[in-house]
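Chemist: There's a structure below that I have some questions on.
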Amino acid sequence: MATARLDYVAPWWTYWLHNFPHFNLFFQTVDNTFKPEEASYQQSLIFLACVGAVGLCLSLLVVAVCLVCMCCCRRDIDEDTKRPDTCCLTWSAVITGLIICSAVGVGFYGNSETNDGVHQLTYSLYNANHTLGSINNLVAGSLGNAETGLKTHLERLDEIFSTRTDYLKTLRFMQLMVNNVIREMTTLPDINKANVDLEAIADQTAFIEYYRWLIYLLLLILDLVICLAMCLGMAKQSRGLLIMIMAFVVLSMILSWASLGAGTATAVGTSDFCVSPDKFFVNQTKDFLSADVAHYYLFCSPNLPNPFQKSLTICQRSLTTMQIQVQGLLQLSVPVFPTAERDLLGIQRLLNSTEFSLHQLTALLDCRGLHKDYLDALMGVCYDGVEGLLYLSLFSLLAACALSAMLCAIFRVWTLMGSRDKEYDDIDEEDPFNPEARRLSYNPRRSNIHSFCSYTSSLSSQASLHPAPQSASNVMPPPEYMNQSMLFGGSPRYENVPLIGRGSPPPSTFKNLLAQYEDHLSIYD
């Protein structure tokens, strides 16, 4: 025995979403009853979808304010280390990355739940469409047998039995039974009048769901790639990579807010349906189904009688009566009218086929099959589907907020890297105290030639001014400036290199060394 409404109870989150305020585009309150064909209800869902656009604008505004503050109010650099304090910045990047990874996990679960719910919906639609199609085929086949096959055989028998009044009365009675079958068959519901192809709806739903699932999957993967690329960019200190990451962060942030708006509107609209689905189907089927038929399949309560039971019973009795009449004619009339045997056997075959179809039709018209498909569809949409949409909305919200913070953190890293490069660019490359400049400018061959020429010219100038001493005791000791090269790093290659012509020491240092050299000369003179 089937139970009805105890099998489906709308979950609490559908009531929570159903109570969301519904406003049209003119900020007027709209009834939250699910009426997708009304323009005001459509505007209320569009209004909810615009929440994502509002969130995007606010997010971009906050990010812009943060970026302006970072550009105008840079932190001071520690004078001792010459490096900025990046501890807080690093922790901010780590926390935003963890939030995004957590949001991605929530998104994967929500995407899977939504996909499972829609798959259950489409499966139920296919089953219901198969059941309704079988009912239509059985009804059409039974009507065809009664209207064409049985009537054709009865007309032939009427000509054969034209001389026997008792047989003609039997044929008139059988014709009355055929009319009863036709009349009762026409009272059965004609699903074709609904102009609804459930298979086409299921195909379209599956098509949309596939691309929805794929888009969310790509968005989830994009967020993970952004987190990994951010770690790589900060580790390698690559400004180009960080700029590319910032572009993808903005793109992902826009997609996250858009998905939040679309998911919220879809979840609220679906919840409006899930709160009272029976009322919606009764209103949609009132043009081709009576209220008692709709309630019979929607509720499938044992207290509700089968609205087709009377018609099915009349058809069954009519077919049974006709079987008895045909069996009697076969026994009595065939010996007298052998040509009547073919039509009588033809009527018997049609009656057997119609009776078999009637048994199948009775089983298909029972409410339990269609009601099970109805409940499965509701469970898939209102439980798994709406729950998955809530998780996807949570993912979109967390990802959008975390991406906004990540954008600020990446921009801060980018500015710090720019300030560091600027400090390196300000160093004088010709400064001899710069180890990098000495390393890049040193050329052994060039250094030796320059030293030799400078030293030779220096000795020539000294010989022209002062004659050389004749004794070894008067040999002048090495000038003090010869040993001053140790001041510039202590490298042995500077020991015999005169300061004149090197251009390395500051002018004041060079004047002091030149004065000391002249003093030495005056002493030896």
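Ordering of the structure tokens sets the chain letters (A, B, ...); residue numbers start at 1 within each chain; ligands are numbered from 1 in the order shown.
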Using only C-alpha atoms, which residues sit within 10 Å of His295 of chain A once same-chain residues fewer than 2 positions away are excluded, as a list in words?

Modeler: Asp278, Lys279, Phe281, Val282, Leu289, Ser290, Ala291, Asp292, Val293, Tyr297, Leu298, Phe299, Cys300, Ser301, Leu304 and Cys367 of chain A

Chemist: Take the residues from that selection and write them out as a PDB file, in the first residue's frame, keeping N, CA and C atoms.

Modeler:
ATOM      1  N   ASP A 278       2.788  20.653  -5.282  1.00  0.00           N
ATOM      2  CA  ASP A 278       1.477  20.123  -5.700  1.00  0.00           C
ATOM      3  C   ASP A 278       0.592  21.219  -6.282  1.00  0.00           C
ATOM      4  N   LYS A 279       0.594  22.359  -5.630  1.00  0.00           N
ATOM      5  CA  LYS A 279      -0.228  23.465  -6.104  1.00  0.00           C
ATOM      6  C   LYS A 279       0.183  23.898  -7.497  1.00  0.00           C
ATOM      7  N   PHE A 281       1.599  22.013  -9.890  1.00  0.00           N
ATOM      8  CA  PHE A 281       1.218  21.034 -10.903  1.00  0.00           C
ATOM      9  C   PHE A 281      -0.297  21.005 -11.119  1.00  0.00           C
ATOM     10  N   VAL A 282      -1.063  21.220 -10.074  1.00  0.00           N
ATOM     11  CA  VAL A 282      -2.520  21.279 -10.248  1.00  0.00           C
ATOM     12  C   VAL A 282      -2.903  22.438 -11.159  1.00  0.00           C
ATOM     13  N   LEU A 289      -6.443  17.870 -17.262  1.00  0.00           N
ATOM     14  CA  LEU A 289      -6.678  16.882 -16.210  1.00  0.00           C
ATOM     15  C   LEU A 289      -7.621  17.462 -15.177  1.00  0.00           C
ATOM     16  N   SER A 290      -8.566  16.611 -14.752  1.00  0.00           N
ATOM     17  CA  SER A 290      -9.464  17.054 -13.690  1.00  0.00           C
ATOM     18  C   SER A 290      -8.713  17.090 -12.354  1.00  0.00           C
ATOM     19  N   ALA A 291      -9.309  17.776 -11.398  1.00  0.00           N
ATOM     20  CA  ALA A 291      -8.653  17.940 -10.101  1.00  0.00           C
ATOM     21  C   ALA A 291      -8.488  16.615  -9.381  1.00  0.00           C
ATOM     22  N   ASP A 292      -9.486  15.723  -9.495  1.00  0.00           N
ATOM     23  CA  ASP A 292      -9.379  14.446  -8.792  1.00  0.00           C
ATOM     24  C   ASP A 292      -8.268  13.575  -9.376  1.00  0.00           C
ATOM     25  N   VAL A 293      -8.073  13.635 -10.703  1.00  0.00           N
ATOM     26  CA  VAL A 293      -6.985  12.872 -11.323  1.00  0.00           C
ATOM     27  C   VAL A 293      -5.627  13.413 -10.878  1.00  0.00           C
ATOM     28  N   TYR A 297      -2.629  11.311  -8.482  1.00  0.00           N
ATOM     29  CA  TYR A 297      -1.228  11.025  -8.778  1.00  0.00           C
ATOM     30  C   TYR A 297      -0.270  11.838  -7.895  1.00  0.00           C
ATOM     31  N   LEU A 298      -0.649  13.026  -7.509  1.00  0.00           N
ATOM     32  CA  LEU A 298       0.247  13.841  -6.688  1.00  0.00           C
ATOM     33  C   LEU A 298       0.319  13.344  -5.247  1.00  0.00           C
ATOM     34  N   PHE A 299      -0.808  12.875  -4.730  1.00  0.00           N
ATOM     35  CA  PHE A 299      -0.844  12.424  -3.338  1.00  0.00           C
ATOM     36  C   PHE A 299      -0.782  10.906  -3.215  1.00  0.00           C
ATOM     37  N   CYS A 300      -1.402  10.187  -4.145  1.00  0.00           N
ATOM     38  CA  CYS A 300      -1.400   8.715  -4.150  1.00  0.00           C
ATOM     39  C   CYS A 300      -1.769   8.167  -2.773  1.00  0.00           C
ATOM     40  N   SER A 301      -2.836   8.684  -2.235  1.00  0.00           N
ATOM     41  CA  SER A 301      -3.282   8.256  -0.916  1.00  0.00           C
ATOM     42  C   SER A 301      -4.236   7.079  -1.053  1.00  0.00           C
ATOM     43  N   LEU A 304      -7.855   7.933  -1.470  1.00  0.00           N
ATOM     44  CA  LEU A 304      -8.348   8.486  -2.730  1.00  0.00           C
ATOM     45  C   LEU A 304      -8.639   7.346  -3.696  1.00  0.00           C
ATOM     46  N   CYS A 367      -1.344   4.765  -9.366  1.00  0.00           N
ATOM     47  CA  CYS A 367      -0.609   5.976  -8.986  1.00  0.00           C
ATOM     48  C   CYS A 367       0.792   5.693  -8.466  1.00  0.00           C
TER      49      CYS A 367
END

Chemist: Please provide as a PyMOL selection string all residues within 10 Å of Thr90 of chain A, with the sequence filter that same-chain residues fewer than 6 positions apart are discarded (counting only C-alpha atoms).

Modeler: chain A and resi 234+409-410+413

Chemist: With N, CA, C and O atoms retained, write the just-selected residues as a PDB file, in the first residue's frame.

Modeler:
ATOM      1  N   MET A 234      55.547  34.642  -5.553  1.00  0.00           N
ATOM      2  CA  MET A 234      56.164  35.243  -4.379  1.00  0.00           C
ATOM      3  C   MET A 234      57.506  34.596  -4.068  1.00  0.00           C
ATOM      4  O   MET A 234      58.415  35.257  -3.555  1.00  0.00           O
ATOM      5  N   ALA A 409      47.081  41.797  -1.364  1.00  0.00           N
ATOM      6  CA  ALA A 409      48.365  41.264  -0.914  1.00  0.00           C
ATOM      7  C   ALA A 409      49.354  41.156  -2.068  1.00  0.00           C
ATOM      8  O   ALA A 409      50.534  41.515  -1.934  1.00  0.00           O
ATOM      9  N   ILE A 410      48.897  40.681  -3.211  1.00  0.00           N
ATOM     10  CA  ILE A 410      49.794  40.552  -4.365  1.00  0.00           C
ATOM     11  C   ILE A 410      50.259  41.924  -4.836  1.00  0.00           C
ATOM     12  O   ILE A 410      51.431  42.117  -5.196  1.00  0.00           O
ATOM     13  N   VAL A 413      53.002  43.059  -2.543  1.00  0.00           N
ATOM     14  CA  VAL A 413      54.259  42.394  -2.867  1.00  0.00           C
ATOM     15  C   VAL A 413      54.875  43.004  -4.115  1.00  0.00           C
ATOM     16  O   VAL A 413      56.088  43.228  -4.196  1.00  0.00           O
TER      17      VAL A 413
END

Chemist: Would you please work out which residue, of A:Asn32, A:Asn24, A:Thr186, A:Gln348, is nearest to Phe273 of chain A when using only C-alpha atoms?

Modeler: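 Of the candidates, the smallest distance to Phe273 of chain A is held by A:Asn32.
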
Chemist: So which residues touch segment 393-396 of chain A within 9 Å, counting only C-alpha atoms, skipping near sequence neighbours fewer than 4 positions away, as a list in words?

Modeler: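 In the requested form, the answer reads Ile100, Ser102, Ala103, Val104, Gly105, Val106, Gly107, Phe108, Gly110, Met253, Leu255, Ser256, Trp257, Ala258, Ser259, Leu260, Gly261, Ala262, Gly263, Thr264, Gly388, Leu389, Ala400 and Cys401 of chain A.
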
Chemist: Quick one: pull the distance between atom CA of Ala39 of chain A and atom CA of Gly269 of chain A, Å, one decimal.

Modeler: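 Separation between atom CA of Ala39 of chain A and atom CA of Gly269 of chain A: 13.6 Å.
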
Chemist: Neighbours of Met244 of chain A within 10 Å (only C-alpha atoms; same-chain residues fewer than 2 positions away dropped), as a ChimeraX atom specification?

Modeler: /A:226,229-230,233,239-242,246-249

Chemist: So which one's closest to Tyr391 of chain A, A:Ser162, A:Thr14, A:Gln284, A:Thr114? Using only C-alpha atoms, please.

Modeler: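 The closest residue to Tyr391 of chain A is A:Thr114.
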
Chemist: Kindly give the distance, in Å, that separates atom CA of Leu98 of chain A and atom CA of Cys57 of chain A, rounded to a single decimal.

Modeler: 24.4 Å

Chemist: Just the residues within 9 Å of Leu407 of chain A, please, counting only C-alpha atoms, with nothing from its chain fewer than 4 positions along; format it as a PyMOL selection string.

Modeler: chain A and resi 63+245-246+249-250+402-403+411-412

Chemist: Could you save those same residues with N, CA and C atoms as an mmCIF file, in the first residue's frame?

Modeler:
data_model
loop_
_atom_site.group_PDB
_atom_site.id
_atom_site.type_symbol
_atom_site.label_atom_id
_atom_site.label_comp_id
_atom_site.auth_asym_id
_atom_site.auth_seq_id
_atom_site.Cartn_x
_atom_site.Cartn_y
_atom_site.Cartn_z
ATOM 1 N N VAL A 63 38.750 47.095 -2.885
ATOM 2 C CA VAL A 63 40.087 46.818 -3.408
ATOM 3 C C VAL A 63 40.740 48.097 -3.909
ATOM 4 N N ILE A 245 49.066 37.046 -12.504
ATOM 5 C CA ILE A 245 48.210 36.478 -11.456
ATOM 6 C C ILE A 245 47.129 37.473 -11.062
ATOM 7 N N MET A 246 47.496 38.756 -10.945
ATOM 8 C CA MET A 246 46.496 39.768 -10.588
ATOM 9 C C MET A 246 45.386 39.844 -11.637
ATOM 10 N N VAL A 249 43.196 36.890 -11.033
ATOM 11 C CA VAL A 249 42.448 37.074 -9.791
ATOM 12 C C VAL A 249 41.222 37.952 -10.038
ATOM 13 N N VAL A 250 41.394 39.020 -10.799
ATOM 14 C CA VAL A 250 40.248 39.889 -11.124
ATOM 15 C C VAL A 250 39.209 39.114 -11.917
ATOM 16 N N ALA A 402 38.009 36.230 -0.459
ATOM 17 C CA ALA A 402 39.424 35.868 -0.339
ATOM 18 C C ALA A 402 40.231 36.369 -1.531
ATOM 19 N N LEU A 403 39.660 36.326 -2.709
ATOM 20 C CA LEU A 403 40.367 36.832 -3.886
ATOM 21 C C LEU A 403 40.577 38.333 -3.809
ATOM 22 N N PHE A 411 49.367 42.891 -4.819
ATOM 23 C CA PHE A 411 49.764 44.236 -5.230
ATOM 24 C C PHE A 411 50.797 44.811 -4.262
ATOM 25 N N ARG A 412 50.649 44.518 -2.974
ATOM 26 C CA ARG A 412 51.627 44.991 -2.000
ATOM 27 C C ARG A 412 52.991 44.365 -2.253
#

Chemist: What gap, in Å, lies between atom CA of Ser276 of chain A and atom CA of His119 of chain A?

Modeler: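 Those two atoms sit 21.7 Å apart.
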
Chemist: Compile the contact shell of Leu217 of chain A as a PyMOL selection string: residues with an atom at most 8 Å away, counting only C-alpha atoms, same-chain residues fewer than 4 positions apart removed.

Modeler: chain A and resi 108+111+213+221

Chemist: Which of segment 151-343 of chain A counts as helix (DSSP H, G or I) under DSSP, as a PyMOL selection string please?

Modeler: chain A and resi 151-160+165-186+191-194+198-236+239-275+277-284+291-299+309-332+340-343

Chemist: Which one is closest to Tyr374 of chain A: A:Ala265, A:Cys71, A:Leu125, A:Val62? Count only C-alpha atoms.

Modeler: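 Comparing A:Ala265, A:Cys71, A:Leu125, A:Val62 against Tyr374 of chain A, the winner is A:Leu125.
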
Chemist: Which one is closest to Arg183 of chain A: A:Leu365, A:Val139, A:Leu168, A:Ile208? Count only C-alpha atoms.

Modeler: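 Of A:Leu365, A:Val139, A:Leu168, A:Ile208, the one nearest Arg183 of chain A, counting only C-alpha atoms, is A:Val139.
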
Chemist: I'd like the neighbourhood of Phe173 of chain A as a VMD selection string, where a residue qualifies if any of its atoms comes within 12 Å (using only C-alpha atoms), though same-chain residues fewer than 3 positions away should be ignored.

Modeler: chain A and resid 154 166 to 170 176 to 180 318 to 319 321 to 322 324 to 326

Chemist: How about saving the chosen residues, N, CA and C atoms kept, as a tab-separated table (two decimals), in the first residue's frame?

Modeler:
chain	number	residue	atom	x	y	z
A	154	LEU	N	-17.37	-7.35	-37.46
A	154	LEU	CA	-18.80	-7.40	-37.17
A	154	LEU	C	-19.62	-7.07	-38.42
A	166	ASP	N	-31.38	-14.67	-34.85
A	166	ASP	CA	-30.79	-14.87	-33.53
A	166	ASP	C	-29.31	-14.52	-33.52
A	167	TYR	N	-28.63	-14.87	-34.62
A	167	TYR	CA	-27.22	-14.51	-34.71
A	167	TYR	C	-27.04	-13.00	-34.86
A	168	LEU	N	-27.96	-12.36	-35.59
A	168	LEU	CA	-27.88	-10.90	-35.75
A	168	LEU	C	-28.07	-10.19	-34.41
A	169	LYS	N	-28.96	-10.72	-33.56
A	169	LYS	CA	-29.13	-10.12	-32.23
A	169	LYS	C	-27.83	-10.21	-31.41
A	170	THR	N	-27.17	-11.35	-31.55
A	170	THR	CA	-25.88	-11.50	-30.85
A	170	THR	C	-24.86	-10.49	-31.37
A	176	LEU	N	-22.76	-3.29	-29.22
A	176	LEU	CA	-22.99	-2.44	-28.05
A	176	LEU	C	-21.81	-2.53	-27.08
A	177	MET	N	-21.24	-3.71	-26.90
A	177	MET	CA	-20.07	-3.86	-26.04
A	177	MET	C	-18.85	-3.12	-26.60
A	178	VAL	N	-18.70	-3.16	-27.92
A	178	VAL	CA	-17.59	-2.44	-28.55
A	178	VAL	C	-17.73	-0.94	-28.32
A	179	ASN	N	-18.94	-0.44	-28.43
A	179	ASN	CA	-19.17	0.99	-28.18
A	179	ASN	C	-18.87	1.36	-26.73
A	180	ASN	N	-19.20	0.46	-25.82
A	180	ASN	CA	-18.86	0.71	-24.42
A	180	ASN	C	-17.35	0.81	-24.20
A	318	SER	N	-16.97	-5.71	-20.53
A	318	SER	CA	-17.42	-5.74	-21.94
A	318	SER	C	-16.59	-6.73	-22.75
A	319	LEU	N	-15.29	-6.73	-22.53
A	319	LEU	CA	-14.43	-7.66	-23.27
A	319	LEU	C	-14.74	-9.11	-22.88
A	321	THR	N	-17.62	-10.29	-21.80
A	321	THR	CA	-18.92	-10.64	-22.40
A	321	THR	C	-18.76	-10.95	-23.87
A	322	MET	N	-17.96	-10.15	-24.56
A	322	MET	CA	-17.75	-10.40	-25.99
A	322	MET	C	-17.02	-11.73	-26.22
A	324	ILE	N	-17.34	-14.39	-24.44
A	324	ILE	CA	-18.34	-15.46	-24.28
A	324	ILE	C	-19.22	-15.57	-25.53
A	325	GLN	N	-19.63	-14.43	-26.07
A	325	GLN	CA	-20.49	-14.43	-27.26
A	325	GLN	C	-19.76	-15.02	-28.47
A	326	VAL	N	-18.50	-14.67	-28.62
A	326	VAL	CA	-17.74	-15.20	-29.77
A	326	VAL	C	-17.54	-16.70	-29.62

Chemist: With only C-alpha atoms as the atoms that count, which of A:Ile99, A:Ser124, A:Leu344, A:Ile215 lies nearest to Lys372 of chain A?

Modeler: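 Counting only C-alpha atoms, the residue closest to Lys372 of chain A is A:Ser124.
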